[in-house]
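The structure appears below as structure tokens.
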Amino acid sequence: MRYILFAILVMVYSGNALGQHHHLFADAGTLPGFSVTYNYRPVKHLGIGIGIQGYSFAPTLINNRAFVPGVFADVRVNIRPQKNNQFLSFLDMGVNIYERDDRYYSTSHNVFKLRSNNGFYMGLGFGYLRRITKRGSGPYAALKMVSNWYNSDRYDPVTLQRVSTWMNVDGRLLFSLGFKF
């Protein structure tokens with residue numbers, strides 16, 4: 001009986017502990033676009049979560065500028081989490097979802113073609129949060145770099161035989177404003 005009572009007390013206390021909270025971050029950026037992230041803080045200074053994002057950019061050298069959605073996993077580090085003025089840094093990794101264009105593109109010495117649909121999404125940022133409620137909600141601003149990593153095959157321009165596979169990175173720097181719920 002005392003083990004059950006101990007387990008109930010641990011569950012109740014851990015639910016009310018300062019570091020264990022569920023939060024939702026929603027922001028709009030200058031690219032233009034948005035991101036929404038669900039975040040769970042198992043400890044005071046670290047949060048993990050999942051999210052969706054959508055920005056308007058050309059994901060590859062061939063594709064035209066379009067709205068590119070994506071899903072990602074999120075890791076956030078909260079600096080000064082108990083203060084009203086907080087700083088946060090985050091790393092997002094996931095998948096950008098788009099259709100590849102089957103056209104070839106060329107440079108002065110090479111011909112390339114995309115290998116697959118979708119790209120690897122990565123976001124890295126730093127922000128400032130102004131806490132306005134006791135629970136920690138408030139507006140925030142962030143400067144972040146979002147990127148799309150994708151593979152393309154390089155072909156010999158004379159024989160059109162595949163020579164190698166290249167990893168390409170397309171990154172954009174953006175400023176976003178949001179609210180932590």
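Ligands are numbered from 1 in the order shown, residues from 1 within each chain, and chains are lettered A, B, ... in the order they appear in the structure tokens.
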Nearby residues (only C-alpha atoms) at most 7 Å from A:His23, same-chain spacing under 6 positions excluded, as a ChimeraX atom specification: /A:38-40,180-181
Long-range neighbours of A:Leu129 as a list in words, 7 Å cut-off, only C-alpha atoms, 5 positions minimum in chain: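 The filter keeps Asn85, Gln86, Phe87, Gly138, Pro139, Tyr140 and Ala141 of chain A.
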Given only C-alpha atoms as the counted atoms, nearest of A:Gly94, A:Pro157, A:Gly178, A:Gly70 to A:Met122: A:Gly94
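Within 6 Å of stretch 45-58 of chain A, once only C-alpha atoms are used and residues closer than 4 positions along the same chain are dropped, the contacting residues are A:Pro32, A:Gly33, A:Phe34, A:Ser35, A:Val36, A:Thr37, A:Tyr38, A:Asn39, A:Tyr40, A:Arg41, A:Asn63, A:Asn64, A:Arg65, A:Ala66, A:Phe67, A:Val68, A:Pro69, A:Gly70, A:Val71, A:Phe72, A:Ala73, A:Asp74, A:Val75, A:Arg76, A:Val77, A:Asn78.
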Take the selection from the previous step and output its residues with N, CA, C and O atoms, as a CSV table (one decimal), in the first residue's frame.
chain,number,residue,atom,x,y,z
A,32,PRO,N,8.0,34.7,-46.8
A,32,PRO,CA,7.0,34.6,-45.7
A,32,PRO,C,6.7,33.1,-45.3
A,32,PRO,O,7.0,32.3,-46.1
A,33,GLY,N,6.2,33.0,-44.1
A,33,GLY,CA,5.8,31.6,-43.7
A,33,GLY,C,5.5,31.6,-42.2
A,33,GLY,O,5.4,32.6,-41.6
A,34,PHE,N,5.4,30.3,-41.7
A,34,PHE,CA,5.0,30.2,-40.3
A,34,PHE,C,5.6,28.9,-39.8
A,34,PHE,O,6.0,28.0,-40.6
A,35,SER,N,5.6,28.7,-38.5
A,35,SER,CA,5.9,27.5,-37.9
A,35,SER,C,5.1,27.3,-36.6
A,35,SER,O,4.8,28.3,-35.9
A,36,VAL,N,4.7,26.1,-36.2
A,36,VAL,CA,4.0,25.8,-35.0
A,36,VAL,C,4.7,24.6,-34.4
A,36,VAL,O,4.8,23.6,-35.0
A,37,THR,N,5.0,24.8,-33.1
A,37,THR,CA,5.8,23.7,-32.4
A,37,THR,C,5.2,23.4,-31.1
A,37,THR,O,4.9,24.3,-30.3
A,38,TYR,N,4.9,22.1,-30.9
A,38,TYR,CA,4.5,21.6,-29.6
A,38,TYR,C,5.8,21.2,-28.8
A,38,TYR,O,6.6,20.5,-29.4
A,39,ASN,N,5.9,21.7,-27.6
A,39,ASN,CA,7.2,21.5,-26.9
A,39,ASN,C,6.9,21.0,-25.5
A,39,ASN,O,6.0,21.5,-24.8
A,40,TYR,N,7.6,20.0,-25.0
A,40,TYR,CA,7.5,19.4,-23.7
A,40,TYR,C,8.9,19.6,-23.0
A,40,TYR,O,9.9,19.3,-23.6
A,41,ARG,N,8.8,20.2,-21.8
A,41,ARG,CA,10.1,20.4,-21.1
A,41,ARG,C,10.2,19.4,-19.9
A,41,ARG,O,9.6,19.5,-18.9
A,63,ASN,N,13.2,24.0,-59.0
A,63,ASN,CA,11.8,24.3,-58.6
A,63,ASN,C,11.6,25.8,-58.6
A,63,ASN,O,12.5,26.6,-58.2
A,64,ASN,N,10.4,26.3,-58.9
A,64,ASN,CA,10.0,27.7,-58.8
A,64,ASN,C,9.7,27.9,-57.3
A,64,ASN,O,9.4,27.0,-56.5
A,65,ARG,N,9.6,29.2,-57.0
A,65,ARG,CA,9.3,29.7,-55.6
A,65,ARG,C,7.8,29.2,-55.4
A,65,ARG,O,6.9,29.5,-56.1
A,66,ALA,N,7.6,28.5,-54.2
A,66,ALA,CA,6.3,28.0,-53.9
A,66,ALA,C,6.3,27.8,-52.4
A,66,ALA,O,7.3,27.9,-51.7
A,67,PHE,N,5.1,27.6,-51.9
A,67,PHE,CA,4.9,27.3,-50.5
A,67,PHE,C,5.3,25.9,-50.2
A,67,PHE,O,4.9,24.9,-50.8
A,68,VAL,N,6.3,25.7,-49.3
A,68,VAL,CA,6.9,24.4,-49.0
A,68,VAL,C,6.6,24.0,-47.6
A,68,VAL,O,7.2,24.6,-46.7
A,69,PRO,N,5.7,23.0,-47.4
A,69,PRO,CA,5.4,22.6,-46.0
A,69,PRO,C,6.5,21.6,-45.5
A,69,PRO,O,7.2,21.0,-46.3
A,70,GLY,N,6.5,21.4,-44.2
A,70,GLY,CA,7.4,20.4,-43.6
A,70,GLY,C,7.0,20.0,-42.2
A,70,GLY,O,6.2,20.7,-41.6
A,71,VAL,N,7.6,18.9,-41.8
A,71,VAL,CA,7.4,18.5,-40.4
A,71,VAL,C,8.8,18.3,-39.8
A,71,VAL,O,9.8,18.0,-40.5
A,72,PHE,N,8.9,18.5,-38.5
A,72,PHE,CA,10.2,18.4,-37.9
A,72,PHE,C,10.1,18.0,-36.4
A,72,PHE,O,9.1,18.1,-35.8
A,73,ALA,N,11.3,17.6,-35.9
A,73,ALA,CA,11.5,17.4,-34.4
A,73,ALA,C,12.3,18.6,-33.9
A,73,ALA,O,13.1,19.2,-34.6
A,74,ASP,N,12.0,19.0,-32.7
A,74,ASP,CA,12.5,20.2,-32.1
A,74,ASP,C,13.3,20.0,-30.8
A,74,ASP,O,12.8,19.2,-30.0
A,75,VAL,N,14.4,20.6,-30.6
A,75,VAL,CA,15.1,20.7,-29.3
A,75,VAL,C,15.3,22.1,-29.0
A,75,VAL,O,15.8,22.9,-29.8
A,76,ARG,N,14.9,22.6,-27.8
A,76,ARG,CA,15.0,24.0,-27.3
A,76,ARG,C,15.8,24.0,-26.0
A,76,ARG,O,15.5,23.2,-25.1
A,77,VAL,N,16.6,25.0,-26.0
A,77,VAL,CA,17.4,25.3,-24.7
A,77,VAL,C,16.8,26.6,-24.2
A,77,VAL,O,16.9,27.6,-24.9
A,78,ASN,N,16.3,26.6,-23.0
A,78,ASN,CA,15.8,27.8,-22.4
A,78,ASN,C,16.8,28.4,-21.4
A,78,ASN,O,17.3,27.7,-20.5
Distance of atom CA of A:Ala142 from atom CA of A:Leu174, expressed in Å to one decimal place: 8.4 Å
Would you please extract all helix (DSSP H, G or I) residues from chain A, as assigned by DSSP on the backbone, and give them as a short mmCIF file (atom, residue, chain, number, x, y, z; two decimals) with all heavy atoms, in the first residue's frame?
data_model
loop_
_atom_site.label_atom_id
_atom_site.label_comp_id
_atom_site.auth_asym_id
_atom_site.auth_seq_id
_atom_site.Cartn_x
_atom_site.Cartn_y
_atom_site.Cartn_z
N ARG A 2 1.94 1.25 0.78
CA ARG A 2 2.76 2.46 0.83
C ARG A 2 3.48 2.70 -0.49
O ARG A 2 3.77 3.84 -0.83
CB ARG A 2 3.75 2.39 1.98
CG ARG A 2 4.77 1.32 1.85
CD ARG A 2 5.70 1.30 3.03
NE ARG A 2 6.32 -0.01 3.04
CZ ARG A 2 7.01 -0.50 3.99
NH1 ARG A 2 7.17 0.21 5.09
NH2 ARG A 2 7.54 -1.67 3.93
N TYR A 3 3.77 1.63 -1.29
CA TYR A 3 4.37 1.83 -2.61
C TYR A 3 3.40 2.51 -3.56
O TYR A 3 3.78 3.36 -4.36
CB TYR A 3 4.84 0.49 -3.20
CG TYR A 3 5.97 -0.11 -2.41
CD1 TYR A 3 5.82 -1.32 -1.76
CD2 TYR A 3 7.20 0.54 -2.32
CE1 TYR A 3 6.84 -1.87 -1.02
CE2 TYR A 3 8.23 0.00 -1.60
CZ TYR A 3 8.06 -1.21 -0.95
OH TYR A 3 9.09 -1.74 -0.23
N ILE A 4 2.12 2.15 -3.48
CA ILE A 4 1.10 2.78 -4.31
C ILE A 4 0.96 4.25 -3.92
O ILE A 4 0.89 5.13 -4.78
CB ILE A 4 -0.24 2.03 -4.20
CG1 ILE A 4 -0.10 0.63 -4.79
CG2 ILE A 4 -1.35 2.80 -4.90
CD1 ILE A 4 -1.30 -0.25 -4.56
N LEU A 5 0.92 4.52 -2.62
CA LEU A 5 0.83 5.90 -2.15
C LEU A 5 2.05 6.71 -2.60
O LEU A 5 1.92 7.85 -3.06
CB LEU A 5 0.71 5.93 -0.63
CG LEU A 5 0.59 7.31 0.01
CD1 LEU A 5 -0.65 8.03 -0.50
CD2 LEU A 5 0.55 7.19 1.51
N PHE A 6 3.25 6.10 -2.52
CA PHE A 6 4.46 6.76 -2.97
C PHE A 6 4.40 7.05 -4.48
O PHE A 6 4.76 8.15 -4.92
CB PHE A 6 5.70 5.90 -2.63
CG PHE A 6 6.98 6.51 -3.10
CD1 PHE A 6 7.52 7.61 -2.43
CD2 PHE A 6 7.65 5.99 -4.19
CE1 PHE A 6 8.70 8.17 -2.87
CE2 PHE A 6 8.83 6.55 -4.63
CZ PHE A 6 9.36 7.65 -3.97
N ALA A 7 3.93 6.10 -5.27
CA ALA A 7 3.81 6.29 -6.72
C ALA A 7 2.83 7.41 -7.05
O ALA A 7 3.08 8.22 -7.94
CB ALA A 7 3.38 4.99 -7.39
N ILE A 8 1.71 7.49 -6.34
CA ILE A 8 0.73 8.55 -6.58
C ILE A 8 1.32 9.91 -6.22
O ILE A 8 1.15 10.88 -6.96
CB ILE A 8 -0.57 8.28 -5.79
CG1 ILE A 8 -1.30 7.07 -6.39
CG2 ILE A 8 -1.48 9.50 -5.79
CD1 ILE A 8 -2.47 6.59 -5.57
N LEU A 9 2.04 9.99 -5.11
CA LEU A 9 2.67 11.25 -4.72
C LEU A 9 3.72 11.70 -5.74
O LEU A 9 3.81 12.89 -6.07
CB LEU A 9 3.30 11.14 -3.33
CG LEU A 9 2.33 11.11 -2.15
CD1 LEU A 9 3.08 10.83 -0.85
CD2 LEU A 9 1.57 12.42 -2.06
N VAL A 10 4.50 10.77 -6.26
CA VAL A 10 5.50 11.11 -7.26
C VAL A 10 4.82 11.62 -8.53
O VAL A 10 5.25 12.62 -9.13
CB VAL A 10 6.41 9.90 -7.57
CG1 VAL A 10 7.23 10.12 -8.83
CG2 VAL A 10 7.31 9.61 -6.39
N MET A 11 3.74 10.98 -8.96
CA MET A 11 3.03 11.43 -10.17
C MET A 11 2.43 12.81 -9.97
O MET A 11 2.52 13.67 -10.84
CB MET A 11 1.95 10.42 -10.56
CG MET A 11 2.53 9.15 -11.13
SD MET A 11 1.37 7.83 -11.55
CE MET A 11 -0.19 8.55 -11.65
N VAL A 12 1.82 13.07 -8.83
CA VAL A 12 1.21 14.37 -8.58
C VAL A 12 2.28 15.44 -8.48
O VAL A 12 2.16 16.52 -9.07
CB VAL A 12 0.35 14.33 -7.30
CG1 VAL A 12 -0.06 15.73 -6.86
CG2 VAL A 12 -0.87 13.46 -7.52
N TYR A 13 3.36 15.15 -7.75
CA TYR A 13 4.42 16.14 -7.60
C TYR A 13 5.12 16.42 -8.92
O TYR A 13 5.41 17.56 -9.24
CB TYR A 13 5.44 15.69 -6.55
CG TYR A 13 6.57 16.67 -6.41
CD1 TYR A 13 6.38 17.89 -5.77
CD2 TYR A 13 7.82 16.41 -6.97
CE1 TYR A 13 7.40 18.81 -5.66
CE2 TYR A 13 8.84 17.33 -6.86
CZ TYR A 13 8.63 18.52 -6.21
OH TYR A 13 9.64 19.43 -6.12
N SER A 14 5.38 15.38 -9.72
CA SER A 14 6.08 15.59 -10.99
C SER A 14 5.22 16.36 -11.97
O SER A 14 5.72 17.09 -12.81
CB SER A 14 6.52 14.27 -11.61
OG SER A 14 5.38 13.51 -11.98
N GLY A 15 3.92 16.26 -11.89
CA GLY A 15 3.03 17.03 -12.76
C GLY A 15 3.05 18.51 -12.41
O GLY A 15 2.83 19.36 -13.26
N ASN A 16 3.35 18.84 -11.16
CA ASN A 16 3.37 20.24 -10.74
C ASN A 16 4.78 20.81 -10.67
O ASN A 16 4.95 21.97 -10.32
CB ASN A 16 2.71 20.38 -9.36
CG ASN A 16 1.24 20.09 -9.41
OD1 ASN A 16 0.60 20.35 -10.42
ND2 ASN A 16 0.70 19.54 -8.34
#
d(atom CA of A:Ser106, atom CA of A:Leu31) in Å: 26.8 Å
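Among the candidates A:Tyr98, A:Tyr104, A:Phe90, A:Phe179, the one nearest to A:Thr133 when counting only C-alpha atoms is A:Phe179.
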6 Å contact set for A:Asn148, only C-alpha atoms, chain neighbours under 6 positions out, as a PyMOL selection string: chain A and resi 119-121+169-170
Would you save the residues from that selection as a short mmCIF file (atom, residue, chain, number, x, y, z; two decimals), in the first residue's frame, using N, CA and C atoms?
data_model
loop_
_atom_site.label_atom_id
_atom_site.label_comp_id
_atom_site.auth_asym_id
_atom_site.auth_seq_id
_atom_site.Cartn_x
_atom_site.Cartn_y
_atom_site.Cartn_z
N GLY A 119 13.06 17.01 -49.17
CA GLY A 119 14.39 17.39 -48.77
C GLY A 119 14.50 17.34 -47.26
N PHE A 120 15.71 17.35 -46.76
CA PHE A 120 15.95 17.35 -45.32
C PHE A 120 15.87 18.79 -44.83
N TYR A 121 14.97 19.05 -43.89
CA TYR A 121 14.78 20.39 -43.34
C TYR A 121 15.61 20.55 -42.07
N VAL A 169 22.70 22.33 -50.54
CA VAL A 169 22.07 23.00 -49.41
C VAL A 169 21.59 24.37 -49.87
N ASP A 170 20.34 24.66 -49.55
CA ASP A 170 19.79 25.98 -49.83
C ASP A 170 19.27 26.54 -48.51
#
Non-local contacts of A:Trp166 (12 Å; only C-alpha atoms; under 5 positions in same chain excluded) as a ChimeraX atom specification: /A:110-115,149-155
Atom CA of A:Lys83 to atom CA of A:Gly29, distance in Å rounded to a single decimal: 25.5 Å
